[in-house]
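**Q** Before we start, here is the structure in question, set down as structure tokens.
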There are 2 protein chains.
Amino acid sequence: MLKGDFTLPGEAGCEELTLKLARKWGADVIRDSDGTKLSPELLNAGYDIYSTICVIRGHNAYAKAHPEDVQETFLMSDPVAADTEPLCIHLLSGYHEEQFSVNDSEESVKLWQVFDRTENREVARNSWVFEAETGNVVVTGALPCHEYTVNFLAFRIWEEINMYNSITNGWKTEHLIPIDPRSETAQAYLLDWMDRWCREHPDTDVVRFTSLFYNFVWIWGSDPKRQNRYTDWASYDFTVSPKALSDFEKKYGYALTAEDFIHEGKRHVTHMPPSQKQRDYMDFTNEFVVNFGKQLVDIVHRYGKRALVFYDDSWVGTEPYGKRFPEFGFDGIIKCVFSGYEVRLCANVKTKIHEIRLHPYLFPTGLGGAPTFMEGGNPRRDALSYWTHIRRALLRQSVDRIGLGGYLHLVENFPDFVDCIETIADDFRRIKTLHEEGPVQTLPIHAAVLTSWGRLRSWSLSGHFHETYMHDLIHVNEALSGLPIQVSFLDFDDVRNDGLDDVDVVINAGRAGTAWSGGDAWRDPKVVSALTAWTLRGGVFVGIGEPSAVEGFEHYFRMAPVLGIDEDTGERVCEGRYAFSVEEEKGLIPAGAFLAAKSGRYLTDGAHTRVLAAETLKIAGYDDPEPALTVHPFGEGKGVYLSSFAFSFANARMLFNVLLLATGHGLDRPFVTDNAGVECAYFPASATAILANNLDTEETASVRIQDRDGREKRITETLAPYETKFVKVLD
Amino acid sequence: MLKGDFTLPGEAGCEELTLKLARKWGADVIRDSDGTKLSPELLNAGYDIYSTICVIRGHNAYAKAHPEDVQETFLMSDPVAADTEPLCIHLLSGYHEEQFSVNDSEESVKLWQVFDRTENREVARNSWVFEAETGNVVVTGALPCHEYTVNFLAFRIWEEINMYNSITNGWKTEHLIPIDPRSETAQAYLLDWMDRWCREHPDTDVVRFTSLFYNFVWIWGSDPKRQNRYTDWASYDFTVSPKALSDFEKKYGYALTAEDFIHEGKRHVTHMPPSQKQRDYMDFTNEFVVNFGKQLVDIVHRYGKRALVFYDDSWVGTEPYGKRFPEFGFDGIIKCVFSGYEVRLCANVKTKIHEIRLHPYLFPTGLGGAPTFMEGGNPRRDALSYWTHIRRALLRQSVDRIGLGGYLHLVENFPDFVDCIETIADDFRRIKTLHEEGPVQTLPIHAAVLTSWGRLRSWSLSGHFHETYMHDLIHVNEALSGLPIQVSFLDFDDVRNDGLDDVDVVINAGRAGTAWSGGDAWRDPKVVSALTAWTLRGGVFVGIGEPSAVEGFEHYFRMAPVLGIDEDTGERVCEGRYAFSVEEEKGLIPAGAFLAAKSGRYLTDGAHTRVLAAETLKIAGYDDPEPALTVHPFGEGKGVYLSSFAFSFANARMLFNVLLLATGHGLDRPFVTDNAGVECAYFPASATAILANNLDTEETASVRIQDRDGREKRITETLAPYETKFVKVLD
């Protein structure tokens, strides 16, 4: 059996267990974790050593000596309606006072703004004043019944991952303060620290950066009923400071205001289309993170160590899909994964080593607070549930390594979990080896996902699946991650600049106005006509949810002429709709697949739009028949519409079938099983098929294998629950 | 038993039946209907005679001699994507060619416009030309893949009610052409015709105008899968003509364009907030209709006859709630009713006689095409189902008369229907008499419904209940029509101009952006702060659906500070929501009541918003707990939120309970039954309670009656299905 390519979290005090599991799971690397240390016995056991560092925390002495270098963010005070004169607004009301403290320095207060939110009007500077002793802004001349808010800068005095782990795990240690490497003083300090760290850790082979400087945005509230006020995994709100804004103005020639970040209290979430200012600021920050990050990586390399970056936590500004990423000089990337799309996200980064960290994390509870390695937990079930999603993606594209993280001693009471990881690790290595022997069989279908973010947010939206489940696109990406087709990610500039030439399918999925459907980008007639012309020439435009939707034109779905269907937002409520009947397309919708119809969809081309699935909704007791899946011929191409898409193994197969049908490949394909719960990947060079059972039941599946000369063989296999079966099929 | 106040449709050839039913139902008036005539025997049987006339149809000779006086409308050609050069657009493609013919006169074509709808840009006049022989507009220089449409004027060559009756009933008679009284020639012709008509109908006591000049908008399609392209009961699109537009420009100092009506193909439906241009044009048309209508009414009066107006069909411009309505000099109004809100709509018009025409219409099929007086129909069931809704409203406010319409001979095979109408007529007369003896007991609660249309669209939205069921407000209006409270209708000018002073409850209900919730009117901080101040002083603001919703401010629901709840349209998807638990308020939600929660609602005041009902929705397999009914204290007043509202008898009681609770009246009230299926109305002057069973089951209900001195008596009654019981309760 193959061994290696496995990173094991070791734990001082559990040397025997660590080394036993290293052998059982085939580990070649031992790592520490946040909260664990490796003992000399483990450091010298003959394994490569990964050491995790978080650059910006663990420097409390420096932070206390240089309070101006503590990381910051803009906050908006909770709105207060004017009732008394003057109006007092307590800035930190509602915020977690252990996370924030007001930055009332002169250069900070200069950036503050008071707004009448009822009118959306900034209040003149001479009408308000900050009282440091009360923490209040006092506004004079406020209009009765109008609501007022203050945009202000706050220091973030408790690094959010440390805060989370402390609160979840009951840690009583000193709160770690995140420092901002923007100032020259802080940079000098960190470069010196990095150098010293490398010198003091001669046993470390690989430095694992967790990650670089700025955490994703995570704002905690004071009310236990709303402890989490705000979380956006891909937002840059935690990178601001007076110096950053001043440097930005010098470079870009215009100043950003607090309101550019606060945006009426809504901030600019990653799920909405970015403004140009937001893009400028992200680019500005990315440039800084890359330039200073590279200096740290260079130090690591000077000590003969490798540098990997963990793509989570304080990853903001790192941007593995940004144009500057290769400049860091990282030797590889590590991504923690729950889902298939995260595997592809990791695998496609331009770097040498791609490692995925599996879940569950070896911790008593999971992210949502549910028990994992404690009474009531079932870590084997969790591991297999994640693994089925991850394996689907690995069948299409491998990564280089897998691993775990956390407190190893916790697994001792869960022997079935230990066995299960052994199987997973072995299966992973066999899958990886097959990929190395030659490319997996892939259909000549190139599907491009079209969003406002394009390549920069390839595969991911903003965080993990369970954080983004309300967006159709994460379900689509998860389905695509395991399909035998080529997938890429485009933005609207790509559409305008002839980026569709080698694309067979464009997918646009999401709620109107979001970054995923594209929002105002669809106002541009060039985008609409480029995609229309491309469809006329044979392209397949797949719209899901509210594709290409924007107000102010004849069609709410700007691609309605191609799709043959549109949505009424209320203005067309007096229009009669085309009656339709559902046509059955044999084999298209596998057993167990489902589509939730949405209200207000209506056919625009009653003569040609084929309704392949529909649902009758009840609106105030009245029947409302709604198309849920339609296909519309358009020139040489097609428009396909799905009212929504939720991931399930059957639904992933349904999406694949829809793509096969629309691109003219037909549903009766070799290399596709007759059981939507069982995947097939075929490796021609090794003449090996992998059959993978995604379900927790024994399943039988049959599949036609076709060799390069077109000879066919049908294989039928019965698989145990979750089993991966490697079948040598042709000699 | 009382008799009278009943209008019976007579039918020549069925004299015996007519007179028998006149006696049985207590009729005092016999009328003709569209398609029936009265014989001399009926005209001279001692009953008052109503004669129906439709002023603008039945003049085909005139129409053929004066084709320029045929009524018109703007149409938009179906969009065509440019593929060939030049681009040919057939104007009437998709429209019913028996309803429309292109008006290609010079003064008409001058008003046409060609649009590139992909860009929303008007195409220069010199780039297109109309070819009369083909019916095409030919566009040169069209951009590939862009869609083009033509706004053009079409004559309406088949009056829509005649068209409907002909198609439904298989009439083979000549199509009636509607003529437009805009020209002096047409006016002179119609005045002469009216005079002659009166002279030739000496037996007629009452002329029933059906209605005046312009039908509601009803656009038929050529495709049998979409025969009804567009219906808006309150739109003015069928009143346009070159002369009307030219007169408008002279009077208002600016010109309306075709696009002002077409609006990107969406037209301006009554369900959306009206633009100022639309209001100007409506006012302009109303003035014309009143001025010329009054001349016709005057002729009727000169002949010693009365003039009633039927409020349907070609009613547009009549506006019974407009400021000019009394100027017509009508002696009364007739409204056909399915629902309680239509009773109140009729009853509140400032005129002498208020008559409601009950349903079902004596016709083989109902409006939706379902069988009525034919095999498979059950007209008694239909009549009782409508009557329960109508009776609820009559208990609160009576009208003067009831009646039926249609072909009387059809009832012969339905003796249970005949008996049922006898009971309904007798009950109506007893209810009316009690109202005449003294006012019904009403709680001191004044609820005002706030919409863009305000008083002008009191009670109704745009048509009957089954045409408007998708709007929360029609359900609310139907519930309000039977509650023992005062109800009025306000617009946003009323709010700005101190119109809230005597109001206890403001209800704002509907989808965002509609005329019912108010759309852009909520941008005005004066509206928000006036309502906020009014709530602080003790007002109850009830928001349903997407109340006060508009984009671009901190709160999507502008009244969120009052309501304590708001909706996330996608920008707040990264925010944590307040956890909540549902508080039970005893007796608030009757058995059988229901509330459908909507996705995206979140508490803005986790400390004070009380969630009284909630529902857990499934979003892509994840649980999404959503508040469905909340109450939020605000100053001396309250904000109440319902995520949706659908009418049912139990839900109407629930709404009543919510109003009782929020206004501090408490749920344990006299005059309110303990059975949500049974209404109680109490008439102190007669010391009589009416108990009315809305259900098709025997029901028992108990109620406390309180006299003027506060003495109480509890009565308990058992009622047969649908029964109305009159109970003398105190001596």
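Numbering starts fresh at 1 for the residues of each chain in the structure tokens, the chains themselves are lettered A, B, ... in the order given, and ligands are numbered from 1 as they appear.
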Hey, list the chain B side of the contact with chain A: 7 Å cut-off, only C-alpha atoms, answer as a VMD selection string.
**A** chain B and resid 117 to 120 145 to 146 225 to 226 228 to 232 264 to 266 269 272 469 to 470 525 529 532 to 533 553 to 554 571 to 572 574 to 579 619 to 620 646
**Q** Would you give me, as a list in words, the residues in segment 279-408 of chain A that DSSP reads as strand (DSSP E)?
**A** Arg306, Ala307, Leu308, Val309, Phe310, Gly332, Ile333, Ile334, Lys335, Cys336, Ile353, His354, Glu355, Ile356, Arg357, Arg401, Ile402 and Gly403 of chain A
**Q** Next, dump the selected residues to file, keeping only all heavy atoms, as a CSV table (one decimal), in the first residue's frame.
**A**
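Output below, filename part25.csv:
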chain,number,residue,atom,x,y,z
A,306,ARG,N,10.8,25.5,3.7
A,306,ARG,CA,9.7,25.8,2.8
A,306,ARG,C,8.6,26.6,3.4
A,306,ARG,O,8.5,26.6,4.6
A,306,ARG,CB,9.1,24.5,2.2
A,306,ARG,CG,10.0,23.9,1.0
A,306,ARG,CD,9.6,22.5,0.8
A,306,ARG,NE,10.2,21.6,1.8
A,306,ARG,CZ,9.7,20.4,2.2
A,306,ARG,NH1,8.6,20.0,1.7
A,306,ARG,NH2,10.3,19.7,3.2
A,307,ALA,N,7.9,27.4,2.6
A,307,ALA,CA,6.8,28.2,3.1
A,307,ALA,C,5.5,27.8,2.4
A,307,ALA,O,5.4,27.9,1.2
A,307,ALA,CB,7.1,29.7,2.8
A,308,LEU,N,4.6,27.4,3.3
A,308,LEU,CA,3.2,27.1,2.7
A,308,LEU,C,2.3,28.1,3.3
A,308,LEU,O,2.5,28.6,4.4
A,308,LEU,CB,2.7,25.7,3.1
A,308,LEU,CG,3.5,24.5,2.6
A,308,LEU,CD1,2.7,23.2,2.8
A,308,LEU,CD2,3.8,24.6,1.1
A,309,VAL,N,1.2,28.4,2.6
A,309,VAL,CA,0.2,29.3,3.1
A,309,VAL,C,-1.1,28.6,3.4
A,309,VAL,O,-1.6,27.8,2.5
A,309,VAL,CB,0.0,30.6,2.2
A,309,VAL,CG1,-0.5,30.2,0.8
A,309,VAL,CG2,-0.9,31.6,2.9
A,310,PHE,N,-1.6,28.7,4.5
A,310,PHE,CA,-3.0,28.2,4.8
A,310,PHE,C,-4.0,29.2,4.4
A,310,PHE,O,-3.9,30.4,4.8
A,310,PHE,CB,-3.1,28.0,6.3
A,310,PHE,CG,-4.4,27.4,6.8
A,310,PHE,CD1,-4.9,26.2,6.3
A,310,PHE,CD2,-5.2,28.1,7.7
A,310,PHE,CE1,-6.1,25.7,6.7
A,310,PHE,CE2,-6.4,27.6,8.1
A,310,PHE,CZ,-6.9,26.4,7.6
A,332,GLY,N,3.6,26.3,-1.6
A,332,GLY,CA,2.3,25.6,-1.7
A,332,GLY,C,1.2,26.3,-0.9
A,332,GLY,O,1.5,27.3,-0.2
A,333,ILE,N,0.1,25.7,-1.0
A,333,ILE,CA,-1.1,26.2,-0.4
A,333,ILE,C,-1.8,25.1,0.3
A,333,ILE,O,-1.9,23.9,-0.1
A,333,ILE,CB,-2.0,26.9,-1.4
A,333,ILE,CG1,-3.1,27.8,-0.7
A,333,ILE,CG2,-2.6,26.0,-2.4
A,333,ILE,CD1,-3.7,28.8,-1.6
A,334,ILE,N,-2.4,25.4,1.5
A,334,ILE,CA,-3.2,24.4,2.2
A,334,ILE,C,-4.6,25.0,2.4
A,334,ILE,O,-4.8,26.2,2.7
A,334,ILE,CB,-2.6,24.2,3.6
A,334,ILE,CG1,-1.2,23.7,3.5
A,334,ILE,CG2,-3.4,23.2,4.4
A,334,ILE,CD1,-0.4,23.9,4.8
A,335,LYS,N,-5.6,24.2,2.1
A,335,LYS,CA,-7.0,24.7,2.2
A,335,LYS,C,-7.7,23.7,3.1
A,335,LYS,O,-7.7,22.5,2.8
A,335,LYS,CB,-7.6,24.7,0.8
A,335,LYS,CG,-9.1,25.1,0.8
A,335,LYS,CD,-9.3,26.6,0.8
A,335,LYS,CE,-10.7,27.0,1.1
A,335,LYS,NZ,-11.0,27.1,2.6
A,336,CYS,N,-8.5,24.2,4.0
A,336,CYS,CA,-9.3,23.3,4.8
A,336,CYS,C,-10.6,23.1,4.0
A,336,CYS,O,-11.1,24.0,3.4
A,336,CYS,CB,-9.6,23.8,6.2
A,336,CYS,SG,-10.6,25.3,6.2
A,353,ILE,N,2.7,22.9,-4.3
A,353,ILE,CA,2.1,21.9,-3.4
A,353,ILE,C,0.7,22.3,-3.1
A,353,ILE,O,0.4,23.5,-2.7
A,353,ILE,CB,2.9,21.7,-2.1
A,353,ILE,CG1,4.3,21.3,-2.4
A,353,ILE,CG2,2.2,20.7,-1.2
A,353,ILE,CD1,5.2,21.4,-1.2
A,354,HIS,N,-0.3,21.4,-3.3
A,354,HIS,CA,-1.7,21.7,-2.9
A,354,HIS,C,-2.1,20.7,-1.9
A,354,HIS,O,-2.1,19.5,-2.1
A,354,HIS,CB,-2.6,21.6,-4.1
A,354,HIS,CG,-2.1,22.4,-5.3
A,354,HIS,ND1,-1.2,22.0,-6.2
A,354,HIS,CD2,-2.5,23.7,-5.7
A,354,HIS,CE1,-1.0,22.9,-7.1
A,354,HIS,NE2,-1.7,24.0,-6.8
A,355,GLU,N,-2.4,21.1,-0.7
A,355,GLU,CA,-2.8,20.2,0.4
A,355,GLU,C,-4.2,20.6,0.9
A,355,GLU,O,-4.5,21.8,1.0
A,355,GLU,CB,-1.7,20.3,1.5
A,355,GLU,CG,-2.1,19.5,2.8
A,355,GLU,CD,-1.0,19.4,3.8
A,355,GLU,OE1,0.2,19.3,3.4
A,355,GLU,OE2,-1.3,19.5,5.0
A,356,ILE,N,-5.0,19.6,1.1
A,356,ILE,CA,-6.3,19.9,1.7
A,356,ILE,C,-6.3,19.3,3.2
A,356,ILE,O,-5.8,18.2,3.4
A,356,ILE,CB,-7.4,19.3,0.9
A,356,ILE,CG1,-7.3,17.8,0.7
A,356,ILE,CG2,-7.6,20.0,-0.4
A,356,ILE,CD1,-8.5,17.1,-0.1
A,357,ARG,N,-6.9,20.1,4.0
A,357,ARG,CA,-7.0,19.7,5.4
A,357,ARG,C,-8.5,19.2,5.6
A,357,ARG,O,-9.4,20.0,5.3
A,357,ARG,CB,-6.8,20.8,6.4
A,357,ARG,CG,-6.5,20.2,7.8
A,357,ARG,CD,-6.6,21.3,8.9
A,357,ARG,NE,-8.0,21.6,9.1
A,357,ARG,CZ,-8.5,22.8,9.5
A,357,ARG,NH1,-7.6,23.7,9.7
A,357,ARG,NH2,-9.8,23.0,9.7
A,401,ARG,N,-1.6,16.5,-1.4
A,401,ARG,CA,-1.5,16.0,-0.1
A,401,ARG,C,-2.9,16.2,0.6
A,401,ARG,O,-3.7,17.0,0.3
A,401,ARG,CB,-0.5,16.8,0.8
A,401,ARG,CG,0.9,16.9,0.1
A,401,ARG,CD,1.9,17.7,1.0
A,401,ARG,NE,1.8,17.2,2.4
A,401,ARG,CZ,2.5,16.2,2.8
A,401,ARG,NH1,3.3,15.5,2.0
A,401,ARG,NH2,2.4,15.8,4.1
A,402,ILE,N,-3.1,15.4,1.7
A,402,ILE,CA,-4.2,15.6,2.6
A,402,ILE,C,-3.6,15.7,4.0
A,402,ILE,O,-2.5,15.4,4.3
A,402,ILE,CB,-5.3,14.5,2.5
A,402,ILE,CG1,-4.7,13.1,2.9
A,402,ILE,CG2,-5.9,14.5,1.1
A,402,ILE,CD1,-5.8,12.0,2.9
A,403,GLY,N,-4.5,16.1,4.9
A,403,GLY,CA,-4.0,16.2,6.3
A,403,GLY,C,-5.2,16.4,7.3
A,403,GLY,O,-6.3,16.5,6.8
**Q** Would you please work out which residue, of A:Asp623, A:Asp283, A:Asp426, A:Glu122, is nearest to Ala258 of chain A when using only C-alpha atoms?
**A**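 Under the stated criterion, the closest residue is A:Glu122.
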**Q** Could you write out, as a VMD selection string, all the residues of segment 110-292 of chain A that DSSP marks as helix (DSSP H, G or I)?
**A** chain A and resid 125 to 127 160 to 169 184 to 200 224 to 226 237 to 239 242 to 252 258 to 265 276 to 292
**Q** Provide the atom CA of Arg392 of chain A to atom CA of Glu717 of chain A distance in Å, to one decimal place.
**A** 17.9 Å
**Q** In Å to one decimal, how far is atom CA of Asp28 of chain B from atom CA of Gly4 of chain B?
**A**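 Between atom CA of Gly4 of chain B and atom CA of Asp28 of chain B the gap works out to 4.9 Å.
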**Q** List the neighbours of Trp197 of chain A out to 10 Å using only C-alpha atoms; skip same-chain residues closer than 5 positions along the sequence, and give me the result as an NGL selection string.
**A** :A and (53 or 191-192 or 202 or 299-300)
**Q** To one decimal place in Å, what is the distance between atom CA of His59 of chain B and atom CA of Leu410 of chain B?
**A** 29.6 Å
**Q** Residues at most 12 Å from Leu655 of chain B, counting only C-alpha atoms, excluding those fewer than 6 positions away in the same chain, as an MDAnalysis selection string?
**A** chainID B and resid 447 475:483 485 507 542:544 588:590 593:595 629 640:642 644:649 661:662 667 676
**Q** Next, the residues of the selection above should be written as a tab-separated table (two decimals), in the first residue's frame with N, CA, C and O atoms.
**A**
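Result file is again33.tsv:
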chain	number	residue	atom	x	y	z
B	447	ALA	N	-58.96	52.62	11.42
B	447	ALA	CA	-57.83	52.07	10.68
B	447	ALA	C	-57.78	52.71	9.31
B	447	ALA	O	-58.79	52.78	8.61
B	475	HIS	N	-56.60	40.97	0.33
B	475	HIS	CA	-56.98	40.08	1.43
B	475	HIS	C	-57.26	40.90	2.69
B	475	HIS	O	-58.19	40.62	3.44
B	476	VAL	N	-56.42	41.89	2.91
B	476	VAL	CA	-56.60	42.77	4.07
B	476	VAL	C	-57.92	43.54	3.92
B	476	VAL	O	-58.71	43.61	4.86
B	477	ASN	N	-58.13	44.12	2.74
B	477	ASN	CA	-59.37	44.89	2.54
B	477	ASN	C	-60.59	44.01	2.75
B	477	ASN	O	-61.59	44.45	3.33
B	478	GLU	N	-60.52	42.78	2.26
B	478	GLU	CA	-61.65	41.88	2.44
B	478	GLU	C	-61.88	41.60	3.92
B	478	GLU	O	-63.02	41.57	4.38
B	479	ALA	N	-60.81	41.42	4.67
B	479	ALA	CA	-60.95	41.20	6.11
B	479	ALA	C	-61.55	42.44	6.77
B	479	ALA	O	-62.51	42.35	7.54
B	480	LEU	N	-61.00	43.62	6.42
B	480	LEU	CA	-61.48	44.87	7.03
B	480	LEU	C	-62.94	45.13	6.72
B	480	LEU	O	-63.65	45.73	7.53
B	481	SER	N	-63.40	44.69	5.55
B	481	SER	CA	-64.77	45.02	5.12
B	481	SER	C	-65.81	44.47	6.09
B	481	SER	O	-66.94	44.96	6.11
B	482	GLY	N	-65.45	43.49	6.90
B	482	GLY	CA	-66.42	42.91	7.83
B	482	GLY	C	-66.08	43.13	9.29
B	482	GLY	O	-66.65	42.45	10.14
B	483	LEU	N	-65.13	44.03	9.58
B	483	LEU	CA	-64.77	44.25	10.99
B	483	LEU	C	-65.53	45.45	11.56
B	483	LEU	O	-65.78	46.43	10.84
B	485	ILE	N	-65.06	48.21	12.87
B	485	ILE	CA	-64.17	49.36	13.10
B	485	ILE	C	-64.38	50.33	11.95
B	485	ILE	O	-65.02	49.99	10.95
B	507	ILE	N	-52.31	50.91	8.10
B	507	ILE	CA	-51.94	49.62	7.52
B	507	ILE	C	-51.25	49.87	6.18
B	507	ILE	O	-51.77	50.58	5.33
B	542	VAL	N	-49.17	49.03	11.18
B	542	VAL	CA	-49.24	47.62	10.81
B	542	VAL	C	-48.63	47.45	9.42
B	542	VAL	O	-49.16	47.99	8.44
B	543	GLY	N	-47.52	46.74	9.35
B	543	GLY	CA	-46.88	46.48	8.07
B	543	GLY	C	-47.08	45.03	7.67
B	543	GLY	O	-46.92	44.13	8.49
B	544	ILE	N	-47.43	44.82	6.41
B	544	ILE	CA	-47.69	43.46	5.93
B	544	ILE	C	-46.90	43.24	4.64
B	544	ILE	O	-46.96	44.06	3.74
B	588	LEU	N	-55.06	34.93	20.56
B	588	LEU	CA	-54.76	35.82	19.44
B	588	LEU	C	-55.01	35.16	18.09
B	588	LEU	O	-55.60	35.77	17.18
B	589	ILE	N	-54.55	33.94	17.96
B	589	ILE	CA	-54.61	33.27	16.66
B	589	ILE	C	-55.68	32.19	16.73
B	589	ILE	O	-55.50	31.15	17.36
B	590	PRO	N	-56.84	32.41	16.09
B	590	PRO	CA	-57.93	31.44	16.20
B	590	PRO	C	-57.57	30.13	15.49
B	590	PRO	O	-56.70	30.09	14.63
B	593	ALA	N	-56.51	29.63	11.62
B	593	ALA	CA	-55.81	30.79	11.03
B	593	ALA	C	-54.41	30.36	10.61
B	593	ALA	O	-53.86	29.41	11.15
B	594	PHE	N	-53.85	31.05	9.65
B	594	PHE	CA	-52.51	30.69	9.19
B	594	PHE	C	-51.79	31.93	8.68
B	594	PHE	O	-52.41	32.88	8.21
B	595	LEU	N	-50.47	31.88	8.80
B	595	LEU	CA	-49.59	32.94	8.31
B	595	LEU	C	-48.46	32.29	7.55
B	595	LEU	O	-47.81	31.40	8.08
B	629	LEU	N	-45.26	36.97	12.57
B	629	LEU	CA	-46.10	37.99	13.21
B	629	LEU	C	-45.32	38.54	14.39
B	629	LEU	O	-44.92	37.79	15.27
B	640	VAL	N	-46.57	46.67	14.23
B	640	VAL	CA	-47.01	45.27	14.08
B	640	VAL	C	-46.59	44.81	12.70
B	640	VAL	O	-46.77	45.54	11.72
B	641	TYR	N	-46.01	43.62	12.61
B	641	TYR	CA	-45.61	43.11	11.31
B	641	TYR	C	-46.20	41.74	11.04
B	641	TYR	O	-46.17	40.86	11.91
B	642	LEU	N	-46.79	41.58	9.85
B	642	LEU	CA	-47.24	40.27	9.38
B	642	LEU	C	-46.51	40.01	8.06
B	642	LEU	O	-46.54	40.85	7.15
B	644	SER	N	-47.24	38.08	5.71
B	644	SER	CA	-48.17	37.99	4.59
B	644	SER	C	-49.56	37.93	5.20
B	644	SER	O	-49.71	37.75	6.41
B	645	PHE	N	-50.56	38.08	4.35
B	645	PHE	CA	-51.92	37.92	4.85
B	645	PHE	C	-52.80	37.40	3.72
B	645	PHE	O	-52.85	37.98	2.64
B	646	ALA	N	-53.46	36.28	4.00
B	646	ALA	CA	-54.40	35.71	3.03
B	646	ALA	C	-55.76	35.66	3.71
B	646	ALA	O	-55.87	35.26	4.87
B	647	PHE	N	-56.81	36.04	2.98
B	647	PHE	CA	-58.12	36.06	3.60
B	647	PHE	C	-58.65	34.66	3.87
B	647	PHE	O	-58.58	33.77	3.03
B	648	SER	N	-59.17	34.48	5.06
B	648	SER	CA	-60.06	33.37	5.40
B	648	SER	C	-60.86	33.92	6.56
B	648	SER	O	-60.47	34.95	7.15
B	649	PHE	N	-61.94	33.30	6.90
B	649	PHE	CA	-62.72	33.84	8.01
B	649	PHE	C	-61.90	33.83	9.30
B	649	PHE	O	-61.92	34.78	10.08
B	661	LEU	N	-55.41	43.87	20.11
B	661	LEU	CA	-54.25	43.77	21.00
B	661	LEU	C	-53.38	45.02	20.89
B	661	LEU	O	-53.00	45.62	21.90
B	662	ALA	N	-53.09	45.42	19.65
B	662	ALA	CA	-52.14	46.52	19.45
B	662	ALA	C	-52.72	47.86	19.89
B	662	ALA	O	-52.00	48.74	20.34
B	667	LEU	N	-58.37	41.30	24.08
B	667	LEU	CA	-59.01	40.31	23.20
B	667	LEU	C	-60.39	39.88	23.70
B	667	LEU	O	-61.20	39.37	22.93
B	676	ALA	N	-64.64	31.82	15.29
B	676	ALA	CA	-64.19	32.70	14.21
B	676	ALA	C	-65.00	32.51	12.93
B	676	ALA	O	-64.94	33.33	12.03
**Q** Contacts of Asp696 of chain A at 7 Å or less, counting only C-alpha atoms, minus same-chain residues fewer than 2 places along, as number ranges by chain?
**A** A: 694, 698, 721-722
**Q** Mind dumping the selected residues with N, CA, C and O atoms as a compact mmCIF listing (two decimals), in the first residue's frame?
**A**
# COMPACT_ATOMS: atom_id res chain seq x y z
N ASN A 694 -21.53 7.36 -3.17
CA ASN A 694 -21.71 8.53 -2.32
C ASN A 694 -22.71 8.29 -1.19
O ASN A 694 -22.85 9.15 -0.33
N GLU A 698 -25.73 0.22 0.46
CA GLU A 698 -25.09 -0.58 -0.59
C GLU A 698 -25.74 -0.25 -1.91
O GLU A 698 -26.98 -0.16 -2.00
N PRO A 721 -21.54 0.80 1.41
CA PRO A 721 -21.75 2.22 1.69
C PRO A 721 -20.43 2.99 1.62
O PRO A 721 -19.43 2.54 2.17
N TYR A 722 -20.44 4.12 0.91
CA TYR A 722 -19.30 5.04 0.79
C TYR A 722 -18.08 4.43 0.10
O TYR A 722 -17.03 5.08 0.02
**Q** Tell me, as a PyMOL selection string, which residues lie within 8 Å of Glu679 of chain B, counting only C-alpha atoms; anything in the same chain fewer than 6 positions away does not count.
**A** chain B and resi 392+672-673+690-694
**Q** Next, dump the selected residues to file, keeping only C-alpha atoms, as a short mmCIF file (atom, residue, chain, number, x, y, z; two decimals), in the first residue's frame.
**A**
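The resulting out30.cif:
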data_model
loop_
_atom_site.label_atom_id
_atom_site.label_comp_id
_atom_site.auth_asym_id
_atom_site.auth_seq_id
_atom_site.Cartn_x
_atom_site.Cartn_y
_atom_site.Cartn_z
CA ARG B 392 -69.93 40.24 6.48
CA VAL B 672 -67.28 39.25 19.41
CA THR B 673 -68.20 35.57 19.16
CA ILE B 690 -77.25 39.35 14.09
CA LEU B 691 -75.30 36.11 14.18
CA ALA B 692 -74.10 34.94 10.79
CA ASN B 693 -72.57 31.56 10.11
CA ASN B 694 -69.94 31.84 7.37
#
